[in-house]
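Okay, entry_11.txt now, which holds compact mmCIF, C-alpha atoms and all ligand atoms:
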# COMPACT_ATOMS: atom_id res chain seq x y z
CA MET X 13 9.43 2.21 16.70
CA ILE X 14 12.12 1.77 14.04
CA LYS X 15 14.52 -1.17 14.17
CA ILE X 16 17.32 -1.87 11.75
CA ASN X 17 19.30 -5.09 11.99
CA ASP X 18 22.20 -6.26 9.79
CA LEU X 19 21.22 -3.90 7.00
CA CYS X 20 23.11 -3.93 3.69
CA PHE X 21 22.32 -1.90 0.62
CA SER X 22 24.36 -1.47 -2.57
CA TRP X 23 23.77 0.75 -5.56
CA LYS X 24 24.54 -1.59 -8.46
CA ASN X 25 27.56 -3.39 -6.97
CA THR X 26 28.77 -0.55 -4.80
CA PRO X 27 28.02 -1.01 -1.08
CA VAL X 28 26.62 2.18 0.43
CA ILE X 29 24.94 1.08 3.67
CA ASN X 30 26.08 -1.60 6.12
CA ILE X 31 24.60 -1.02 9.57
CA ASP X 32 24.59 -3.71 12.28
CA ARG X 33 21.95 -2.16 14.47
CA LEU X 34 20.01 1.07 14.81
CA HIS X 35 16.94 1.40 17.02
CA ILE X 36 14.98 4.65 17.11
CA PRO X 37 12.42 4.86 19.95
CA VAL X 38 8.97 6.46 19.64
CA GLY X 39 9.04 10.23 19.98
CA GLN X 40 12.80 10.56 19.52
CA HIS X 41 14.09 13.59 17.65
CA LEU X 42 17.13 12.26 15.81
CA PHE X 43 19.66 14.36 13.92
CA ILE X 44 21.76 12.49 11.34
CA GLU X 45 24.90 14.05 9.92
CA GLY X 46 27.58 12.86 7.57
CA PRO X 47 29.47 14.11 4.52
CA SER X 48 27.96 14.38 1.07
CA GLY X 49 27.78 10.96 -0.55
CA SER X 50 27.95 9.06 2.77
CA GLY X 51 24.52 7.48 2.24
CA LYS X 52 22.17 9.65 4.30
CA SER X 53 19.45 9.93 1.65
CA THR X 54 19.86 6.25 0.82
CA LEU X 55 19.30 5.35 4.50
CA LEU X 56 16.20 7.56 4.75
CA ASN X 57 14.75 5.98 1.61
CA LEU X 58 15.37 2.53 3.10
CA LEU X 59 13.61 3.53 6.35
CA ALA X 60 10.58 4.70 4.40
CA GLY X 61 10.49 1.57 2.24
CA VAL X 62 11.15 3.59 -0.92
CA LEU X 63 14.25 1.41 -1.42
CA ALA X 64 14.50 -2.25 -0.41
CA PRO X 65 17.71 -3.61 1.14
CA GLN X 66 19.58 -6.56 -0.38
CA GLN X 67 20.13 -7.91 3.13
CA GLY X 68 18.77 -7.37 6.63
CA GLU X 69 15.53 -6.19 8.12
CA ILE X 70 13.89 -2.86 8.75
CA SER X 71 10.84 -2.80 10.95
CA VAL X 72 8.74 0.31 11.41
CA LEU X 73 6.04 0.50 14.12
CA GLY X 74 6.51 -3.25 14.60
CA GLN X 75 5.93 -3.96 10.90
CA PRO X 76 8.79 -5.63 8.99
CA LEU X 77 8.82 -3.73 5.67
CA SER X 78 9.92 -6.85 3.75
CA GLU X 79 6.56 -8.48 4.53
CA LEU X 80 4.65 -5.79 2.64
CA SER X 81 3.91 -5.84 -1.09
CA GLY X 82 4.64 -2.71 -3.15
CA SER X 83 1.13 -1.31 -2.79
CA GLN X 84 0.94 -2.24 0.91
CA LYS X 85 4.19 -0.32 1.42
CA ASP X 86 2.69 2.69 -0.35
CA SER X 87 -0.33 2.77 1.92
CA PHE X 88 1.76 2.05 5.04
CA ARG X 89 3.94 5.03 4.11
CA ALA X 90 0.95 7.29 3.39
CA ASP X 91 -0.57 6.42 6.79
CA ASN X 92 2.54 6.69 8.91
CA ILE X 93 5.37 8.63 7.30
CA GLY X 94 5.67 12.25 6.24
CA PHE X 95 8.74 12.52 4.05
CA ILE X 96 10.41 15.79 3.09
CA PHE X 97 12.56 14.62 0.19
CA GLN X 98 15.85 16.31 -0.59
CA GLN X 99 14.49 17.06 -4.08
CA PHE X 100 10.97 17.76 -2.66
CA ASN X 101 9.15 15.31 -5.06
CA LEU X 102 6.19 17.68 -5.44
CA ILE X 103 3.71 17.00 -8.24
CA PRO X 104 4.42 19.82 -10.72
CA TYR X 105 0.96 20.05 -12.29
CA LEU X 106 -0.89 20.23 -8.96
CA SER X 107 -1.52 23.41 -7.00
CA VAL X 108 0.19 24.21 -3.70
CA ILE X 109 -2.90 23.18 -1.71
CA ASP X 110 -3.47 19.99 -3.71
CA ASN X 111 0.16 18.95 -3.22
CA ILE X 112 -0.15 19.41 0.54
CA THR X 113 -3.46 17.56 0.90
CA LEU X 114 -2.39 14.72 -1.43
CA PRO X 115 -1.41 12.27 1.38
CA CYS X 116 -5.01 12.53 2.64
CA SER X 117 -6.24 11.09 -0.67
CA PHE X 118 -4.19 7.96 0.02
CA SER X 119 -4.68 7.71 3.77
CA LYS X 120 -7.90 7.88 5.78
CA LYS X 121 -5.82 8.03 8.95
CA ARG X 122 -3.97 11.18 7.80
CA LYS X 123 -7.24 12.74 6.63
CA THR X 124 -8.99 12.09 9.95
CA ASN X 125 -5.99 13.50 11.87
CA ALA X 126 -5.83 16.57 9.64
CA LEU X 127 -9.54 17.31 10.09
CA LEU X 128 -9.21 16.90 13.86
CA ARG X 129 -6.34 19.40 13.90
CA ALA X 130 -8.37 21.71 11.62
CA ASN X 131 -10.83 22.08 14.50
CA GLY X 132 -13.99 22.45 12.44
CA GLY X 133 -12.16 23.58 9.33
CA ASP X 134 -11.41 21.55 6.20
CA LEU X 135 -8.19 20.10 4.74
CA LYS X 136 -7.51 23.32 2.86
CA SER X 137 -7.69 25.44 6.01
CA GLU X 138 -5.32 23.03 7.77
CA ALA X 139 -2.90 23.25 4.83
CA ILE X 140 -3.09 27.05 5.01
CA ARG X 141 -2.49 27.00 8.78
CA LEU X 142 0.77 25.12 8.18
CA LEU X 143 1.78 27.34 5.24
CA ASN X 144 1.18 30.46 7.32
CA ALA X 145 3.25 29.03 10.16
CA LEU X 146 6.04 28.45 7.64
CA GLY X 147 5.86 32.08 6.48
CA LEU X 148 3.83 31.57 3.29
CA ASP X 149 0.83 33.83 3.61
CA ASP X 150 0.10 35.07 0.09
CA ASN X 151 -3.32 33.62 -0.83
CA ALA X 152 -2.65 34.17 -4.53
CA LEU X 153 0.17 31.66 -4.28
CA PHE X 154 -1.91 28.80 -2.93
CA GLN X 155 -3.78 27.92 -6.12
CA ARG X 156 -0.72 28.23 -8.35
CA SER X 157 1.02 25.11 -9.60
CA VAL X 158 4.11 24.42 -7.53
CA ASN X 159 6.57 24.83 -10.40
CA GLU X 160 5.71 28.55 -10.41
CA LEU X 161 7.17 28.87 -6.90
CA SER X 162 10.71 29.68 -5.84
CA VAL X 163 12.81 26.77 -4.58
CA GLY X 164 12.56 27.94 -0.96
CA GLN X 165 8.78 28.22 -1.30
CA GLN X 166 8.62 24.72 -2.79
CA GLN X 167 10.63 23.39 0.13
CA ARG X 168 8.08 24.79 2.56
CA VAL X 169 5.23 23.24 0.56
CA ALA X 170 7.04 19.89 0.86
CA ALA X 171 7.36 20.47 4.61
CA ALA X 172 3.66 21.29 5.01
CA ARG X 173 2.76 18.14 3.05
CA ALA X 174 4.87 16.00 5.39
CA MET X 175 3.34 17.52 8.53
CA LEU X 176 -0.32 17.52 7.45
CA GLY X 177 -2.36 14.88 9.25
CA SER X 178 0.31 14.18 11.91
CA PRO X 179 2.02 11.03 10.63
CA GLU X 180 3.69 8.83 13.28
CA ILE X 181 7.11 9.60 11.77
CA ILE X 182 8.50 12.61 9.92
CA ILE X 183 11.61 12.01 7.83
CA ALA X 184 13.29 15.20 6.67
CA ASP X 185 16.18 15.16 4.19
CA GLU X 186 18.00 18.51 4.23
CA PRO X 187 14.68 20.31 4.75
CA THR X 188 16.21 23.76 5.31
CA SER X 189 18.73 23.76 2.44
CA ALA X 190 16.86 26.45 0.46
CA LEU X 191 15.64 28.60 3.37
CA ASP X 192 16.99 31.93 4.63
CA SER X 193 17.64 32.17 8.36
CA GLU X 194 14.24 33.71 9.18
CA HIS X 195 12.32 30.99 7.34
CA ARG X 196 14.63 28.33 8.74
CA GLN X 197 13.69 29.44 12.25
CA ALA X 198 9.97 29.46 11.43
CA PHE X 199 10.32 25.98 9.94
CA ILE X 200 12.13 24.55 12.98
CA LYS X 201 9.61 26.13 15.37
CA THR X 202 6.64 24.73 13.42
CA LEU X 203 8.19 21.31 12.94
CA PHE X 204 8.96 20.89 16.65
CA GLU X 205 5.53 22.18 17.68
CA GLU X 206 3.84 19.65 15.41
CA CYS X 207 6.12 16.83 16.59
CA GLN X 208 5.65 17.65 20.28
CA LYS X 209 1.86 18.00 20.10
CA GLU X 210 1.41 14.59 18.49
CA ASN X 211 4.50 12.77 19.85
CA ILE X 212 5.83 12.38 16.30
CA THR X 213 9.18 10.65 15.85
CA LEU X 214 11.51 12.88 13.84
CA ILE X 215 14.45 11.77 11.72
CA PHE X 216 16.28 14.76 10.34
CA VAL X 217 19.29 14.87 8.04
CA SER X 218 21.21 18.12 7.71
CA HIS X 219 24.61 19.61 7.03
CA ASP X 220 23.60 22.57 9.20
CA LYS X 221 25.27 21.90 12.56
CA SER X 222 23.62 24.99 14.08
CA LEU X 223 20.35 23.00 14.17
CA LYS X 224 21.81 20.10 16.16
CA HIS X 225 21.03 21.47 19.61
CA HIS X 226 17.27 21.20 18.97
CA PHE X 227 17.54 17.39 18.90
CA ASP X 228 17.71 14.90 21.75
CA HIS X 229 19.91 12.48 19.81
CA CYS X 230 22.58 12.82 17.14
CA ILE X 231 24.27 10.23 14.91
CA ASN X 232 27.16 10.60 12.51
CA LEU X 233 26.30 8.11 9.78
CA GLN X 234 29.95 7.28 9.16
CA GLU X 235 30.31 6.11 12.77
CA ILE X 236 27.58 3.46 12.45
CA ASN X 237 28.05 2.60 8.79
CA ASN X 238 30.65 -0.10 8.08
CA VAL X 239 31.19 1.10 4.53
CA ASN X 240 33.98 3.42 3.50
CA THR X 241 32.22 6.07 1.46
CA LYS X 242 34.35 8.75 -0.13
CA GLU X 243 34.04 12.26 1.20
CA SER X 244 33.21 14.46 -1.77
CA VAL X 245 32.90 17.81 0.01
N1 LIG X 301 20.15 6.35 -7.91
C1 LIG X 301 21.43 6.05 -7.67
N2 LIG X 301 22.11 5.20 -8.47
C2 LIG X 301 23.39 4.86 -8.22
N3 LIG X 301 24.10 5.34 -7.17
C3 LIG X 301 23.49 6.19 -6.34
C4 LIG X 301 22.13 6.59 -6.54
N4 LIG X 301 21.78 7.45 -5.56
C5 LIG X 301 22.88 7.59 -4.79
N5 LIG X 301 23.89 6.84 -5.23
C6 LIG X 301 25.24 6.73 -4.64
O1 LIG X 301 25.12 6.34 -3.28
C7 LIG X 301 26.03 7.06 -2.45
C8 LIG X 301 25.25 7.73 -1.33
O2 LIG X 301 24.37 8.70 -1.90
P1 LIG X 301 23.33 9.49 -1.00
O3 LIG X 301 22.48 10.29 -1.92
O4 LIG X 301 22.66 8.54 -0.08
O5 LIG X 301 24.32 10.43 -0.16
P2 LIG X 301 24.01 11.61 0.86
O6 LIG X 301 24.75 11.31 2.13
O7 LIG X 301 22.54 11.80 0.97
O8 LIG X 301 24.68 12.86 0.14
P3 LIG X 301 24.23 14.42 0.13
O9 LIG X 301 24.65 15.00 1.46
O10 LIG X 301 25.02 15.00 -1.01
O11 LIG X 301 22.76 14.49 -0.10
C9 LIG X 301 26.77 8.02 -3.37
O12 LIG X 301 28.03 7.45 -3.65
C10 LIG X 301 25.93 8.08 -4.62
O13 LIG X 301 26.72 8.26 -5.75
MG MG X 302 21.27 13.31 0.42
Turn this file's structure into structure tokens for me.
Ligand SMILES: Nc1ncnc2c1ncn2[C@@H]1O[C@H](COP(=O)(O)OP(=O)(O)OP(=O)(O)O)[C@@H](O)[C@H]1O
Ligand SMILES: [Mg+2]
Amino acid sequence: MIKINDLCFSWKNTPVINIDRLHIPVGQHLFIEGPSGSGKSTLLNLLAGVLAPQQGEISVLGQPLSELSGSQKDSFRADNIGFIFQQFNLIPYLSVIDNITLPCSFSKKRKTNALLRANGGDLKSEAIRLLNALGLDDNALFQRSVNELSVGQQQRVAAARAMLGSPEIIIADEPTSALDSEHRQAFIKTLFEECQKENITLIFVSHDKSLKHHFDHCINLQEINNVNTKESV
């Protein structure tokens, strides 16, 4: 599913990632931990092809990312990866619903999957199903632009966007950081239901150790990364 070999990445001239080997099989639910600044977000961005390594190879679903052009990477990502970014990366001038259905504008595969899951409904009803499962059920909210939402609400919109249309892989970077315990539980329940139904591979970064037991595999980034990053918290 995902194979990393001899991977090196530096920000400017500062090495951040140096991983000999990491293989993540299809359907695995992987929890990645590590202190702040240890390179977790950098690694996730490399896996999704958002960043390109200076050395080494990353292959996703049998496709070496280095063989893809910039626009091919964009469509590969839209088809196969749902990414919950640490900073959400929502489009501020679009509504909640339009943000969530956006990947379906770039990917026929995601659109077809989403309509299948909608069971006769449309993309909007599928987006609302996910929002409701995540504890957002105020219809008035759905047509608002996302920058009128609280941070915790925005985080759930980002989560619904990543899950819509069942991508092969969901990458989640601190996806519960802004959620209270009730919404955190609803999020975890929904995420695992979606992943189990469609055999989605899940790569999940969190500082919240209480979530670890939900996962079948756990990695401490510092144990596989041959770079001495400073611990800042
Ligand atoms: N855009 C950037 N330009 C330069 N350096 C960066 C950039 N983004 C991150 N870094 C550096 O790379 C290192 C790893 O950062 P990264 O964001 O991957 O850490 P992290 O493990 O995700 O931390 P956190 O838990 O705080 O989110 C840090 O030393 C950081 O300063
Ligand atoms: Mg991070």
Give me, as a tab-separated table, the closest atom pair and its distance (Å, one decimal) for every residue of chain X within a cut-off of 8 Å of ligand LIG 301 (chain X), counting only C-alpha atoms and all ligand atoms, rows sorted by chain and rising number.
residue	atom	partner	partner_atom	distance
X:Ser22	CA	X:LIG301	O1	7.9
X:Trp23	CA	X:LIG301	N3	4.9
X:Lys24	CA	X:LIG301	C2	6.6
X:Thr26	CA	X:LIG301	N3	7.9
X:Val28	CA	X:LIG301	C7	5.7
X:Gly46	CA	X:LIG301	O6	6.3
X:Pro47	CA	X:LIG301	O9	5.8
X:Ser48	CA	X:LIG301	O9	3.4
X:Gly49	CA	X:LIG301	O5	3.5
X:Ser50	CA	X:LIG301	O6	4.0
X:Gly51	CA	X:LIG301	O4	3.2
X:Lys52	CA	X:LIG301	O6	3.8
X:Ser53	CA	X:LIG301	O7	3.7
X:Thr54	CA	X:LIG301	O4	3.7
X:Leu55	CA	X:LIG301	O4	6.5
X:Gln98	CA	X:LIG301	O11	7.2
X:Asp185	CA	X:LIG301	O7	7.9
X:Glu186	CA	X:LIG301	O11	7.6
X:Ser218	CA	X:LIG301	O9	7.8
X:His219	CA	X:LIG301	O9	7.2
X:Thr241	CA	X:LIG301	O12	6.8
X:Lys242	CA	X:LIG301	O12	7.4
Ranking X:Ile181, X:Ile16, X:Leu233, X:Leu114 by minimum distance to Ser78 of chain X and counting all atoms listed in the file, which one comes first?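 Among the listed residues, the smallest separation from Ser78 of chain X belongs to X:Ile16.
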Just the residues within 12 Å of Leu128 of chain X, please, counting only C-alpha atoms, with nothing from its chain fewer than 2 positions along; format it as a tab-separated table (two decimals) with C-alpha atoms, keeping the file's coordinate frame.
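Generated output (part_8.tsv):
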chain	number	residue	atom	x	y	z
X	121	LYS	CA	-5.82	8.03	8.95
X	122	ARG	CA	-3.97	11.18	7.80
X	123	LYS	CA	-7.24	12.74	6.63
X	124	THR	CA	-8.99	12.09	9.95
X	125	ASN	CA	-5.99	13.50	11.87
X	126	ALA	CA	-5.83	16.57	9.64
X	130	ALA	CA	-8.37	21.71	11.62
X	131	ASN	CA	-10.83	22.08	14.50
X	132	GLY	CA	-13.99	22.45	12.44
X	133	GLY	CA	-12.16	23.58	9.33
X	134	ASP	CA	-11.41	21.55	6.20
X	135	LEU	CA	-8.19	20.10	4.74
X	137	SER	CA	-7.69	25.44	6.01
X	138	GLU	CA	-5.32	23.03	7.77
X	176	LEU	CA	-0.32	17.52	7.45
X	177	GLY	CA	-2.36	14.88	9.25
X	178	SER	CA	0.31	14.18	11.91
X	210	GLU	CA	1.41	14.59	18.49
Identify, on the basis of all atoms listed in the file, every residue whose closest approach to segment 158-172 of chain X does not exceed 9 Å; exclude the query and any residue fewer than 6 positions from it along the same chain; express the result as a tab-separated table (two decimals) with C-alpha atoms, keeping the file's coordinate frame.
chain	number	residue	atom	x	y	z
X	94	GLY	CA	5.67	12.25	6.24
X	95	PHE	CA	8.74	12.52	4.05
X	96	ILE	CA	10.41	15.79	3.09
X	97	PHE	CA	12.56	14.62	0.19
X	98	GLN	CA	15.85	16.31	-0.59
X	99	GLN	CA	14.49	17.06	-4.08
X	100	PHE	CA	10.97	17.76	-2.66
X	101	ASN	CA	9.15	15.31	-5.06
X	102	LEU	CA	6.19	17.68	-5.44
X	103	ILE	CA	3.71	17.00	-8.24
X	104	PRO	CA	4.42	19.82	-10.72
X	105	TYR	CA	0.96	20.05	-12.29
X	106	LEU	CA	-0.89	20.23	-8.96
X	107	SER	CA	-1.52	23.41	-7.00
X	108	VAL	CA	0.19	24.21	-3.70
X	109	ILE	CA	-2.90	23.18	-1.71
X	111	ASN	CA	0.16	18.95	-3.22
X	112	ILE	CA	-0.15	19.41	0.54
X	139	ALA	CA	-2.90	23.25	4.83
X	140	ILE	CA	-3.09	27.05	5.01
X	142	LEU	CA	0.77	25.12	8.18
X	143	LEU	CA	1.78	27.34	5.24
X	146	LEU	CA	6.04	28.45	7.64
X	147	GLY	CA	5.86	32.08	6.48
X	148	LEU	CA	3.83	31.57	3.29
X	184	ALA	CA	13.29	15.20	6.67
X	187	PRO	CA	14.68	20.31	4.75
X	188	THR	CA	16.21	23.76	5.31
X	189	SER	CA	18.73	23.76	2.44
X	190	ALA	CA	16.86	26.45	0.46
X	191	LEU	CA	15.64	28.60	3.37
X	192	ASP	CA	16.99	31.93	4.63
X	195	HIS	CA	12.32	30.99	7.34
X	199	PHE	CA	10.32	25.98	9.94
X	203	LEU	CA	8.19	21.31	12.94
Could you work out how far atom CA of Ile70 of chain X lies from atom CA of Asn92 of chain X, giving the answer in Å with one decimal?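 A separation of 14.8 Å between them.
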For a test of reading the model, state the distance in Å between atom CA of Ile182 of chain X and atom CA of Leu63 of chain X, rounded to one decimal.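 Atom CA of Ile182 of chain X sits 16.9 Å away from atom CA of Leu63 of chain X.
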What is the distance, in Å and to one decimal place, between atom CA of Thr213 of chain X and atom CA of Asn238 of chain X? 25.2 Å
When distances are computed from all atoms listed in the file, which of X:Leu223, X:Leu42, X:Val217, X:Cys20 shows the smallest separation from Arg196 of chain X? X:Leu223
Choose the residue, out of X:Glu79, X:Asp18, X:Glu69, X:Glu45, that has the smallest atom-to-atom separation from ligand MG 302 (chain X); count only C-alpha atoms and all ligand atoms.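 Of the candidates, the smallest distance to ligand MG 302 (chain X) is held by X:Glu45.
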Please return as a short mmCIF file (atom, residue, chain, number, x, y, z; two decimals) with C-alpha atoms, in the frame of the given file every residue within 10 Å of (10.9, 2.7, 2.0), taking into account all atoms listed in the file and the file's own coordinates.
data_model
loop_
_atom_site.label_atom_id
_atom_site.label_comp_id
_atom_site.auth_asym_id
_atom_site.auth_seq_id
_atom_site.Cartn_x
_atom_site.Cartn_y
_atom_site.Cartn_z
CA THR X 54 19.86 6.25 0.82
CA LEU X 55 19.30 5.35 4.50
CA LEU X 56 16.20 7.56 4.75
CA ASN X 57 14.75 5.98 1.61
CA LEU X 58 15.37 2.53 3.10
CA LEU X 59 13.61 3.53 6.35
CA ALA X 60 10.58 4.70 4.40
CA GLY X 61 10.49 1.57 2.24
CA VAL X 62 11.15 3.59 -0.92
CA LEU X 63 14.25 1.41 -1.42
CA ALA X 64 14.50 -2.25 -0.41
CA PRO X 65 17.71 -3.61 1.14
CA ILE X 70 13.89 -2.86 8.75
CA VAL X 72 8.74 0.31 11.41
CA LEU X 77 8.82 -3.73 5.67
CA SER X 78 9.92 -6.85 3.75
CA GLY X 82 4.64 -2.71 -3.15
CA LYS X 85 4.19 -0.32 1.42
CA ASP X 86 2.69 2.69 -0.35
CA PHE X 88 1.76 2.05 5.04
CA ARG X 89 3.94 5.03 4.11
CA ILE X 93 5.37 8.63 7.30
#
Which one is closest to Met175 of chain X: X:Lys221, X:Arg33, X:Arg141, X:His41? Count only C-alpha atoms.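 Among the listed residues, the smallest separation from Met175 of chain X belongs to X:Arg141.
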From the list X:Phe216, X:Cys230, X:Leu80, X:Cys207, which residue is nearest ligand MG 302 (chain X) when using all atoms listed in the file?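 Of the candidates, the smallest distance to ligand MG 302 (chain X) is held by X:Phe216.
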For Asn237 of chain X, find every residue with an atom within 7 Å (counting all atoms listed in the file), except residues of its own chain fewer than 3 positions away, and show them as a ChimeraX atom specification. /X:29-31,233-234
